[in-house]
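Coordinates as given in data.cif (mmCIF, C-alpha atoms):
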data_coords
#
loop_
_atom_site.label_atom_id
_atom_site.label_comp_id
_atom_site.auth_asym_id
_atom_site.auth_seq_id
_atom_site.Cartn_x
_atom_site.Cartn_y
_atom_site.Cartn_z
CA MET Z 1 0.00 0.00 0.00
CA ASN Z 2 1.11 3.55 -0.61
CA THR Z 3 1.55 5.61 2.49
CA VAL Z 4 -0.91 8.31 1.56
CA THR Z 5 -1.99 10.39 4.53
CA HIS Z 6 -4.08 13.16 2.94
CA HIS Z 7 -7.13 11.75 1.17
CA LEU Z 8 -10.06 12.97 -0.86
CA PRO Z 9 -13.23 13.72 1.08
CA ASP Z 10 -15.84 10.96 0.73
CA TRP Z 11 -18.37 13.30 -0.87
CA MET Z 12 -16.00 14.08 -3.70
CA ILE Z 13 -15.47 10.41 -4.55
CA ARG Z 14 -19.24 9.95 -4.39
CA ALA Z 15 -19.76 12.94 -6.71
CA TYR Z 16 -17.21 11.49 -9.16
CA VAL Z 17 -18.96 8.11 -9.13
CA ALA Z 18 -22.34 9.78 -9.67
CA GLY Z 19 -20.94 11.71 -12.63
CA GLY Z 20 -21.40 15.09 -10.93
CA LEU Z 21 -17.83 16.43 -10.99
CA GLY Z 22 -16.42 18.71 -13.67
CA ARG Z 23 -13.45 17.79 -15.82
CA ALA Z 24 -10.72 19.29 -13.64
CA PHE Z 25 -11.83 17.70 -10.36
CA SER Z 26 -12.59 14.37 -12.06
CA LEU Z 27 -9.00 14.34 -13.25
CA VAL Z 28 -7.65 14.80 -9.71
CA VAL Z 29 -9.98 12.12 -8.33
CA ALA Z 30 -8.92 9.61 -11.00
CA ALA Z 31 -5.24 10.42 -10.48
CA HIS Z 32 -5.44 10.23 -6.68
CA VAL Z 33 -7.31 6.91 -6.75
CA THR Z 34 -4.56 5.55 -8.99
CA LEU Z 35 -2.09 6.35 -6.20
CA CYS Z 36 -4.23 5.66 -3.13
CA ASP Z 37 -5.59 2.20 -2.38
CA GLU Z 38 -7.79 3.44 0.43
CA CYS Z 39 -9.63 5.89 -1.82
CA ARG Z 40 -9.84 3.18 -4.48
CA ALA Z 41 -11.65 1.00 -1.98
CA GLN Z 42 -13.83 3.96 -1.08
CA MET Z 43 -14.65 4.43 -4.76
CA GLU Z 44 -15.51 0.77 -5.19
CA GLY Z 45 -17.82 1.01 -2.18
CA GLU Z 46 -19.54 4.06 -3.66
CA GLU Z 47 -19.88 2.27 -6.98
CA ALA Z 48 -21.42 -0.73 -5.25
CA SER Z 49 -23.98 1.63 -3.69
CA GLY Z 50 -24.59 3.31 -7.03
CA GLY Z 51 -25.02 -0.09 -8.66
CA ILE Z 52 -27.68 -1.07 -6.14
CA VAL Z 53 -29.65 2.14 -6.60
CA PHE Z 54 -29.27 1.74 -10.37
CA GLU Z 55 -30.50 -1.85 -10.24
CA ASP Z 56 -33.44 -1.06 -7.95
CA GLN Z 57 -34.90 1.53 -10.32
CA ARG Z 58 -38.19 1.08 -12.11
CA PRO Z 59 -37.17 -0.02 -15.63
CA GLU Z 60 -38.07 2.15 -18.60
CA ALA Z 61 -38.94 0.16 -21.72
CA VAL Z 62 -36.54 0.66 -24.62
CA ALA Z 63 -37.51 0.73 -28.30
CA VAL Z 64 -38.58 -2.71 -29.49
CA ASP Z 65 -35.82 -2.95 -32.08
CA LEU Z 66 -32.99 -1.71 -29.86
CA LYS Z 67 -31.99 -5.16 -28.68
CA ALA Z 68 -31.83 -6.52 -32.24
CA ARG Z 69 -29.71 -3.56 -33.29
CA VAL Z 70 -27.30 -4.07 -30.39
CA MET Z 71 -27.07 -7.82 -30.90
CA ALA Z 72 -26.37 -7.29 -34.62
CA SER Z 73 -23.54 -4.84 -33.97
CA LEU Z 74 -21.77 -6.62 -31.10
CA ASP Z 75 -18.85 -7.77 -33.20
CA THR Z 76 -18.82 -5.01 -35.78
CA VAL Z 77 -18.43 -1.87 -33.68
CA PRO Z 78 -14.71 -1.15 -33.19
CA ALA Z 79 -13.68 -0.85 -29.55
CA SER Z 80 -12.54 2.66 -28.60
CA PRO Z 81 -8.90 2.88 -27.53
CA ALA Z 82 -8.20 2.55 -23.84
CA GLN Z 83 -6.98 5.51 -21.79
CA PRO Z 84 -3.17 5.80 -21.99
CA ALA Z 85 -1.33 3.89 -19.28
CA GLN Z 86 0.37 5.43 -16.28
CA GLN Z 87 3.82 6.67 -17.32
CA GLY Z 88 6.50 7.56 -14.79
CA ILE Z 89 5.00 9.87 -12.21
CA TYR Z 90 1.90 10.59 -14.32
CA PRO Z 91 -1.25 8.49 -13.82
CA GLY Z 92 -3.07 7.43 -17.00
CA ALA Z 93 -5.74 10.11 -16.63
CA VAL Z 94 -2.98 12.76 -16.58
CA MET Z 95 -1.29 11.14 -19.58
CA ALA Z 96 -4.63 11.37 -21.39
CA ALA Z 97 -4.92 15.06 -20.50
CA LEU Z 98 -1.35 15.51 -21.80
CA LYS Z 99 -2.42 13.68 -24.98
CA GLY Z 100 0.29 11.12 -24.32
CA ARG Z 101 3.13 13.65 -24.53
CA ALA Z 102 5.52 15.10 -21.98
CA PRO Z 103 4.24 18.31 -20.30
CA ARG Z 104 5.00 21.54 -22.14
CA TRP Z 105 6.14 23.69 -19.26
CA ARG Z 106 5.82 27.47 -19.22
CA THR Z 107 7.88 29.52 -16.82
CA LEU Z 108 5.99 31.47 -14.18
CA GLY Z 109 9.03 33.05 -12.51
CA GLY Z 110 11.09 32.01 -9.50
CA GLY Z 111 11.84 28.68 -11.14
CA ILE Z 112 8.17 27.72 -11.00
CA ARG Z 113 6.67 26.26 -14.16
CA GLN Z 114 3.24 25.18 -15.13
CA ALA Z 115 1.49 23.25 -17.89
CA VAL Z 116 -2.21 23.96 -18.29
CA LEU Z 117 -4.17 20.76 -18.94
CA SER Z 118 -7.67 22.10 -19.17
CA HIS Z 119 -9.41 25.39 -18.69
CA ASP Z 120 -13.13 25.95 -18.96
CA ALA Z 121 -16.03 27.67 -17.23
CA GLU Z 122 -16.10 24.96 -14.53
CA GLY Z 123 -12.47 25.40 -13.56
CA SER Z 124 -8.95 24.55 -14.58
CA ALA Z 125 -6.40 21.79 -14.17
CA ARG Z 126 -2.67 22.21 -14.51
CA LEU Z 127 0.64 20.69 -13.58
CA LEU Z 128 2.91 22.76 -11.38
CA TYR Z 129 6.68 22.34 -11.14
CA ILE Z 130 8.22 23.88 -8.04
CA PRO Z 131 11.96 23.56 -7.36
CA GLY Z 132 12.98 22.47 -3.88
CA ARG Z 133 12.69 25.16 -1.18
CA VAL Z 134 10.74 27.48 -3.49
CA ALA Z 135 7.43 28.93 -2.34
CA VAL Z 136 4.34 29.25 -4.48
CA PRO Z 137 3.00 32.81 -4.20
CA ASP Z 138 0.63 33.24 -1.30
CA HIS Z 139 -2.86 32.76 -2.62
CA GLY Z 140 -6.46 32.20 -1.69
CA HIS Z 141 -9.30 30.84 -3.78
CA LYS Z 142 -12.79 31.75 -4.68
CA GLY Z 143 -13.79 28.11 -4.73
CA LEU Z 144 -12.07 24.83 -4.01
CA GLU Z 145 -8.51 23.97 -4.95
CA LEU Z 146 -7.22 20.40 -5.08
CA THR Z 147 -3.47 19.80 -5.20
CA LEU Z 148 -2.19 16.27 -5.72
CA VAL Z 149 1.54 15.62 -5.31
CA LEU Z 150 3.04 13.51 -8.11
CA GLN Z 151 6.73 13.99 -7.25
CA GLY Z 152 8.63 15.45 -4.30
CA SER Z 153 6.71 17.09 -1.48
CA PHE Z 154 5.51 20.42 -0.17
CA ALA Z 155 4.44 21.85 3.15
CA ASP Z 156 2.16 24.70 4.11
CA GLU Z 157 0.21 26.02 7.06
CA THR Z 158 -1.92 22.87 7.14
CA GLY Z 159 0.70 20.11 6.93
CA ARG Z 160 3.13 18.17 4.79
CA PHE Z 161 2.13 16.61 1.47
CA ALA Z 162 4.12 13.87 -0.27
CA VAL Z 163 3.51 11.71 -3.35
CA GLY Z 164 -0.14 10.64 -3.53
CA ASP Z 165 -1.31 13.15 -0.94
CA VAL Z 166 -4.00 15.58 -1.97
CA GLU Z 167 -4.63 18.91 -0.32
CA VAL Z 168 -8.20 20.18 -0.40
CA ALA Z 169 -8.19 23.95 0.13
CA GLY Z 170 -11.44 25.82 0.53
CA ALA Z 171 -12.11 29.50 -0.03
CA GLU Z 172 -11.17 30.27 3.58
CA LEU Z 173 -7.59 29.05 3.29
CA GLU Z 174 -4.86 31.57 2.48
CA HIS Z 175 -1.83 29.37 2.22
CA GLN Z 176 1.74 29.45 1.02
CA PRO Z 177 2.95 26.04 -0.10
CA ILE Z 178 6.74 25.60 -0.07
CA ALA Z 179 8.39 22.72 -1.91
CA GLU Z 180 10.65 20.72 0.37
CA GLN Z 181 14.32 20.23 -0.29
CA GLY Z 182 15.18 17.53 -2.79
CA ALA Z 183 13.59 16.68 -6.12
CA PRO Z 184 11.39 19.39 -7.61
CA CYS Z 185 7.80 19.08 -6.47
CA ILE Z 186 5.42 18.29 -9.32
CA CYS Z 187 1.72 18.63 -8.55
CA LEU Z 188 -1.56 18.29 -10.33
CA ALA Z 189 -3.68 21.25 -9.24
CA ALA Z 190 -7.33 21.88 -10.04
CA THR Z 191 -9.73 24.64 -9.14
CA ASP Z 192 -13.39 25.27 -9.77
CA ALA Z 193 -12.71 29.02 -9.85
CA PRO Z 194 -9.68 31.19 -10.67
CA LEU Z 195 -7.04 31.58 -7.96
CA ARG Z 196 -6.71 34.89 -6.14
CA PHE Z 197 -3.15 35.93 -5.47
CA SER Z 198 -2.54 38.20 -2.51
CA SER Z 199 0.16 40.24 -4.18
CA PHE Z 200 -0.49 42.59 -7.03
CA VAL Z 201 1.79 41.39 -9.83
CA PRO Z 202 0.72 37.74 -9.95
CA ARG Z 203 -2.86 38.99 -10.04
CA LEU Z 204 -2.04 40.97 -13.18
CA LEU Z 205 -0.43 37.95 -14.74
CA GLN Z 206 -3.32 35.68 -13.88
CA PRO Z 207 -5.32 36.12 -17.10
CA ILE Z 208 -2.18 35.65 -19.15
CA PHE Z 209 -1.13 32.44 -17.50
CA ARG Z 210 -4.68 31.17 -17.04
CA ILE Z 211 -4.15 30.15 -13.46
CA MET R 1 -18.49 -22.22 -7.20
CA PRO R 2 -22.12 -22.99 -6.38
CA VAL R 3 -24.26 -21.87 -9.28
CA LYS R 4 -27.57 -21.01 -7.72
CA PRO R 5 -28.94 -17.98 -9.53
CA ALA R 6 -31.01 -15.50 -7.59
CA PRO R 7 -34.06 -13.99 -9.23
CA PRO R 8 -33.08 -10.59 -10.59
CA GLY R 9 -33.54 -7.57 -8.41
CA THR R 10 -35.03 -9.35 -5.45
CA SER R 11 -33.81 -8.81 -1.95
CA ASP R 12 -34.57 -12.37 -0.83
CA ALA R 13 -31.78 -13.68 -3.07
CA PRO R 14 -29.71 -16.41 -1.43
CA MET R 15 -26.78 -14.92 0.44
CA ASP R 16 -24.34 -17.61 -0.63
CA ALA R 17 -24.49 -17.23 -4.41
CA PRO R 18 -23.41 -14.59 -6.93
CA SER R 19 -26.37 -12.73 -8.40
CA VAL R 20 -27.79 -14.07 -11.62
CA GLN R 21 -26.64 -10.85 -13.31
CA THR R 22 -23.04 -11.53 -12.26
CA LEU R 23 -23.35 -15.08 -13.60
CA TRP R 24 -24.65 -13.77 -16.93
CA LEU R 25 -21.76 -11.35 -17.14
CA LEU R 26 -19.28 -14.13 -16.35
CA ALA R 27 -20.83 -16.24 -19.14
CA VAL R 28 -20.30 -13.33 -21.51
CA ARG R 29 -16.75 -12.81 -20.28
CA ASP R 30 -15.67 -16.44 -20.35
CA HIS R 31 -17.75 -17.91 -23.20
CA ARG R 32 -18.88 -14.90 -25.27
CA ASP R 33 -22.37 -16.23 -24.51
CA ARG R 34 -24.86 -14.25 -26.62
CA ALA R 35 -27.91 -15.63 -24.83
CA ALA R 36 -26.49 -14.47 -21.50
CA PHE R 37 -25.75 -11.09 -23.06
CA GLY R 38 -29.38 -10.96 -24.21
CA GLN R 39 -30.44 -11.49 -20.58
CA LEU R 40 -28.11 -8.71 -19.43
CA PHE R 41 -29.60 -6.44 -22.09
CA ASP R 42 -33.17 -7.21 -21.05
CA PHE R 43 -32.35 -6.48 -17.42
CA TYR R 44 -29.99 -3.49 -17.66
CA ALA R 45 -30.90 -1.59 -20.84
CA PRO R 46 -34.25 -0.39 -19.38
CA ARG R 47 -32.46 0.61 -16.17
CA ILE R 48 -29.77 2.56 -18.01
CA LYS R 49 -32.56 4.30 -19.89
CA SER R 50 -34.43 5.02 -16.69
CA MET R 51 -31.33 6.59 -15.10
CA LEU R 52 -30.42 8.71 -18.13
CA MET R 53 -33.98 9.94 -18.72
CA ARG R 54 -33.67 11.82 -15.41
CA GLY R 55 -31.06 14.05 -17.01
CA GLY R 56 -33.60 15.60 -19.39
CA MET R 57 -32.20 14.13 -22.62
CA SER R 58 -34.55 12.99 -25.37
CA ALA R 59 -35.48 9.31 -25.45
CA ALA R 60 -33.66 8.93 -28.76
CA ALA R 61 -30.43 10.43 -27.39
CA VAL R 62 -30.73 8.26 -24.28
CA GLU R 63 -31.22 5.11 -26.32
CA ASP R 64 -28.09 5.89 -28.32
CA ILE R 65 -26.17 5.90 -25.04
CA VAL R 66 -27.92 2.71 -23.90
CA GLN R 67 -26.85 1.06 -27.14
CA ASP R 68 -23.23 2.24 -26.84
CA ALA R 69 -23.03 1.25 -23.17
CA MET R 70 -24.38 -2.25 -23.78
CA ILE R 71 -21.93 -2.77 -26.66
CA LYS R 72 -19.14 -1.71 -24.30
CA VAL R 73 -20.36 -4.30 -21.80
CA TRP R 74 -19.80 -6.91 -24.50
CA GLN R 75 -16.43 -5.50 -25.58
CA ARG R 76 -15.02 -4.95 -22.10
CA ALA R 77 -16.42 -8.05 -20.40
CA GLU R 78 -12.92 -9.51 -20.08
CA GLN R 79 -12.08 -6.72 -17.64
CA PHE R 80 -14.95 -7.66 -15.33
CA ASP R 81 -13.63 -8.94 -12.00
CA PRO R 82 -16.45 -10.37 -9.86
CA THR R 83 -14.23 -10.26 -6.76
CA ARG R 84 -14.06 -6.46 -7.03
CA ALA R 85 -17.49 -5.40 -8.30
CA PRO R 86 -20.95 -6.87 -8.69
CA ALA R 87 -22.32 -6.71 -12.25
CA SER R 88 -24.62 -3.84 -11.22
CA ALA R 89 -21.73 -1.60 -10.13
CA TRP R 90 -19.64 -2.46 -13.17
CA ILE R 91 -22.43 -1.70 -15.65
CA TYR R 92 -23.44 1.42 -13.73
CA ARG R 93 -19.89 2.71 -14.20
CA ILE R 94 -19.85 1.88 -17.92
CA ALA R 95 -23.17 3.67 -18.46
CA ARG R 96 -21.92 6.75 -16.58
CA ASN R 97 -18.64 6.80 -18.50
CA ARG R 98 -20.48 6.70 -21.81
CA GLN R 99 -22.98 9.35 -20.74
CA ILE R 100 -20.19 11.72 -19.70
CA GLU R 101 -18.31 11.01 -22.91
CA VAL R 102 -21.38 11.97 -24.96
CA LEU R 103 -22.43 14.99 -22.91
CA ARG R 104 -18.92 16.43 -22.54
CA ARG R 105 -17.54 15.18 -25.83
CA GLU R 106 -14.45 13.89 -24.07
CA ARG R 107 -13.31 10.82 -22.21
CA ARG R 108 -13.94 10.71 -18.50
CA PRO R 109 -10.64 10.62 -16.57
CA LEU R 110 -10.38 7.11 -15.09
CA PRO R 111 -8.19 5.63 -12.36
CA ASP R 112 -5.57 3.24 -13.72
CA ASP R 113 -6.44 -0.39 -13.16
CA LEU R 114 -4.61 -2.18 -10.41
CA ILE R 115 -1.74 -4.05 -11.97
CA SER R 116 -2.61 -7.67 -11.78
CA GLY R 117 0.39 -9.94 -11.86
CA ASP R 118 -1.49 -13.08 -12.79
CA GLU R 119 -4.48 -12.54 -15.04
CA ALA R 120 -4.93 -16.23 -15.58
CA SER R 121 -5.43 -17.09 -11.94
CA ASP R 122 -8.82 -18.56 -11.11
CA PRO R 123 -11.13 -16.14 -9.42
CA ASP R 124 -11.58 -17.10 -5.84
CA ALA R 125 -15.18 -18.31 -5.47
CA ALA R 126 -15.17 -17.34 -1.80
CA ASP R 127 -14.21 -13.77 -2.73
CA ILE R 128 -17.00 -13.56 -5.30
CA ILE R 129 -19.53 -14.74 -2.76
CA GLY R 130 -18.08 -12.48 -0.08
CA LEU R 131 -18.55 -9.50 -2.36
CA GLN R 132 -22.11 -10.56 -3.13
CA GLN R 133 -22.84 -10.82 0.58
CA ASP R 134 -21.44 -7.32 1.09
CA ALA R 135 -23.70 -6.07 -1.69
CA ASN R 136 -26.72 -7.80 -0.19
CA HIS R 137 -26.01 -6.26 3.22
CA LEU R 138 -25.53 -2.90 1.57
CA ARG R 139 -28.84 -3.17 -0.25
CA ALA R 140 -30.58 -4.11 3.00
CA ALA R 141 -28.95 -1.15 4.76
CA LEU R 142 -30.06 1.25 2.01
CA HIS R 143 -33.60 -0.12 2.25
CA ARG R 144 -33.64 0.44 6.01
CA LEU R 145 -32.84 4.15 5.69
CA PRO R 146 -35.56 6.67 6.51
CA GLN R 147 -37.39 7.47 3.30
CA ASP R 148 -36.09 11.03 2.91
CA GLN R 149 -32.48 9.86 3.23
CA ARG R 150 -33.04 7.00 0.86
CA ILE R 151 -34.50 9.34 -1.75
CA MET R 152 -31.48 11.59 -1.33
CA ILE R 153 -29.12 8.68 -1.95
CA GLU R 154 -31.08 7.62 -5.01
CA GLN R 155 -31.02 11.15 -6.39
CA ALA R 156 -27.29 11.40 -5.78
CA PHE R 157 -26.36 8.18 -7.57
CA LEU R 158 -28.87 8.66 -10.37
CA GLY R 159 -27.28 11.99 -11.23
CA GLU R 160 -29.88 14.41 -9.94
CA LEU R 161 -27.75 16.27 -7.39
CA THR R 162 -24.90 18.70 -7.97
CA HIS R 163 -21.61 18.00 -6.27
CA SER R 164 -22.28 20.63 -3.65
CA GLU R 165 -25.64 19.05 -2.90
CA ILE R 166 -23.92 15.69 -2.59
CA ARG R 167 -21.38 17.26 -0.23
CA ASP R 168 -24.02 18.85 1.97
CA ALA R 169 -26.75 16.25 1.92
CA THR R 170 -25.60 12.68 1.61
CA GLY R 171 -22.80 12.28 4.12
CA LEU R 172 -24.94 11.16 7.01
CA ALA R 173 -26.99 8.55 5.18
CA LEU R 174 -23.97 7.02 3.54
CA GLY R 175 -22.38 6.34 6.87
CA THR R 176 -24.23 3.06 6.45
CA ILE R 177 -21.90 1.94 3.69
CA LYS R 178 -18.78 2.35 5.79
CA SER R 179 -18.73 -1.29 6.81
CA ARG R 180 -18.91 -2.38 3.21
CA ILE R 181 -16.04 -0.06 2.36
CA ARG R 182 -13.91 -1.41 5.18
CA LEU R 183 -14.47 -4.85 3.74
CA ALA R 184 -13.53 -3.65 0.29
CA LEU R 185 -10.31 -2.27 1.70
CA GLU R 186 -9.52 -5.52 3.47
CA ARG R 187 -10.09 -7.37 0.22
CA LEU R 188 -7.88 -4.95 -1.64
CA ARG R 189 -5.09 -5.37 0.88
CA HIS R 190 -5.39 -9.10 0.49
CA ASP R 191 -5.22 -8.80 -3.30
CA LEU R 192 -2.21 -6.53 -3.14
CA ARG R 193 -0.36 -8.90 -0.84
CA THR R 194 -0.83 -11.68 -3.35
CA LEU R 195 0.30 -9.43 -6.20
CA ARG R 196 3.42 -7.92 -4.65
#

Would you mind giving the structure from this file in structure tokens?
Amino acid sequence: MNTVTHHLPDWMIRAYVAGGLGRAFSLVVAAHVTLCDECRAQMEGEEASGGIVFEDQRPEAVAVDLKARVMASLDTVPASPAQPAQQGIYPGAVMAALKGRAPRWRTLGGGIRQAVLSHDAEGSARLLYIPGRVAVPDHGHKGLELTLVLQGSFADETGRFAVGDVEVAGAELEHQPIAEQGAPCICLAATDAPLRFSSFVPRLLQPIFRI
Amino acid sequence: MPVKPAPPGTSDAPMDAPSVQTLWLLAVRDHRDRAAFGQLFDFYAPRIKSMLMRGGMSAAAVEDIVQDAMIKVWQRAEQFDPTRAPASAWIYRIARNRQIEVLRRERRPLPDDLISGDEASDPDAADIIGLQQDANHLRAALHRLPQDQRIMIEQAFLGELTHSEIRDATGLALGTIKSRIRLALERLRHDLRTLR
């Protein structure tokens, strides 16, 4: 078992299973579950519950010819390709978001780099690269921010986060994550609203860097 | 493995046998059994439709997803592991994945599968039955919930609540599934020990 100490909240796994999470958060849930056996078990438990509710529903009759159409096409419809496999530090869901390629990092200053994976009205997901002993600018959030460590570790006001750990930061948290000494810290970070930086200049840069 | 099918969807199913749906899915997985697939279709296609109709899509659009999802059941049956999921949970996930794919026009991010060292190993009949027992207990626990909580759980899993509603409303009721989840974790630990 991995020694993950910071997990996803149960409700978020349940929302993923129910199909109610946006793209960015779904990505973090899938990536964390890849790294965390406990949350995988949690997800399987939620899916078992979902399966029971699904099975207990009142059935809704389908078109009379649907079954014949499905039976006729069982061996003719090509299977869609599987999600790319986990590669190095990147879970398969992240590899899919990277379209199977290495991240294309953009410099943010101070040695920090990022690679935006997705950005839409529901939020954004990106990879962050933070050299050892470098701090991410102090920031708060309008909504929720999830940060999953893929390499190295960081620490902030709330604790220490190593590979597989996920930090769930609500709007109330103003925090300053600092990468710990050693290998650069690489994180998958997702928000359901743009970040708010406390200092002026990063706030100006925010629209440009889409963070 | 004792093959004693339970009548579909009944709660008085025997506790010591996999559900008939799981047996059908195993027949599809192991023997590409079209008759068993036909049974799965008859049971699950109307339930997939029922779930997706709640989302406000047209019947025609819903049936396209039902069709795609059932074809995926056939194509992916080899990945079905009855020691990890009952047929209901596995097909529920496939239907959701396909729905999200259609609505969002992109693949749903999925956890990587656990790396199994020995695909050819016989499934452990005791594990399959243990999982079925967990599922039966879970169903009984869900049925014992006060009606308002039960409706909330149904709405959550059938896709009628937003994630913030799920966060605020379902935590209490789903405390009942904690025991099942502990068992799932125990099982997973056992599996991992045998793999590593």

List as an mmCIF file with C-alpha atoms, in the coordinates of the input: which residues have an atom within 12 Å of (-31.3, 15.8, -15.5), counting only C-alpha atoms?
data_model
loop_
_atom_site.group_PDB
_atom_site.id
_atom_site.type_symbol
_atom_site.label_atom_id
_atom_site.label_comp_id
_atom_site.auth_asym_id
_atom_site.auth_seq_id
_atom_site.Cartn_x
_atom_site.Cartn_y
_atom_site.Cartn_z
ATOM 1 C CA GLY Z 19 -20.940 11.710 -12.630
ATOM 2 C CA GLY Z 20 -21.400 15.090 -10.930
ATOM 3 C CA SER R 50 -34.430 5.020 -16.690
ATOM 4 C CA MET R 51 -31.330 6.590 -15.100
ATOM 5 C CA LEU R 52 -30.420 8.710 -18.130
ATOM 6 C CA MET R 53 -33.980 9.940 -18.720
ATOM 7 C CA ARG R 54 -33.670 11.820 -15.410
ATOM 8 C CA GLY R 55 -31.060 14.050 -17.010
ATOM 9 C CA GLY R 56 -33.600 15.600 -19.390
ATOM 10 C CA MET R 57 -32.200 14.130 -22.620
ATOM 11 C CA SER R 58 -34.550 12.990 -25.370
ATOM 12 C CA VAL R 62 -30.730 8.260 -24.280
ATOM 13 C CA GLN R 99 -22.980 9.350 -20.740
ATOM 14 C CA LEU R 103 -22.430 14.990 -22.910
ATOM 15 C CA GLN R 155 -31.020 11.150 -6.390
ATOM 16 C CA ALA R 156 -27.290 11.400 -5.780
ATOM 17 C CA LEU R 158 -28.870 8.660 -10.370
ATOM 18 C CA GLY R 159 -27.280 11.990 -11.230
ATOM 19 C CA GLU R 160 -29.880 14.410 -9.940
ATOM 20 C CA LEU R 161 -27.750 16.270 -7.390
ATOM 21 C CA THR R 162 -24.900 18.700 -7.970
#

For this session: Using the chain letters and residue numbers of this document, give as a PyMOL selection string the residues selected by the PyMOL selection byres ((chain Z and resi 28-38) around 6).
Result: (chain Z and resi 25-27+39-41+91+164) or (chain R and resi 109-112)

Residue subset to file, keeping C-alpha atoms, as a CSV table (one decimal), in the coordinates of the input:
chain,number,residue,atom,x,y,z
Z,25,PHE,CA,-11.8,17.7,-10.4
Z,26,SER,CA,-12.6,14.4,-12.1
Z,27,LEU,CA,-9.0,14.3,-13.2
Z,39,CYS,CA,-9.6,5.9,-1.8
Z,40,ARG,CA,-9.8,3.2,-4.5
Z,41,ALA,CA,-11.6,1.0,-2.0
Z,91,PRO,CA,-1.2,8.5,-13.8
Z,164,GLY,CA,-0.1,10.6,-3.5
R,109,PRO,CA,-10.6,10.6,-16.6
R,110,LEU,CA,-10.4,7.1,-15.1
R,111,PRO,CA,-8.2,5.6,-12.4
R,112,ASP,CA,-5.6,3.2,-13.7

Problem set entry | Nearest residue to Ala190 of chain Z from the set Z:Arg23, Z:His175, Z:Arg58, Z:Arg101 (distances using all atoms listed in the file) |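 Looking at the shortest contact to Ala190 of chain Z, the residue is Z:Arg23.
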
Problem set entry | the PyMOL selection byres ((chain Z) within 7 of (chain R)) applied to the shown file, residues as an MDAnalysis selection string | chainID Z and resid 11 15 18:21 26:27 30:31 33:34 38 41:42 45 47:48 50:57 59:62 70 74 79 86 91:93

Problem set entry | Spatial neighbours of Val134 of chain Z, 9 Å, only C-alpha atoms, chain gap at least 3 places, as a PyMOL selection string | chain Z and resi 110-112+130-131+177-181
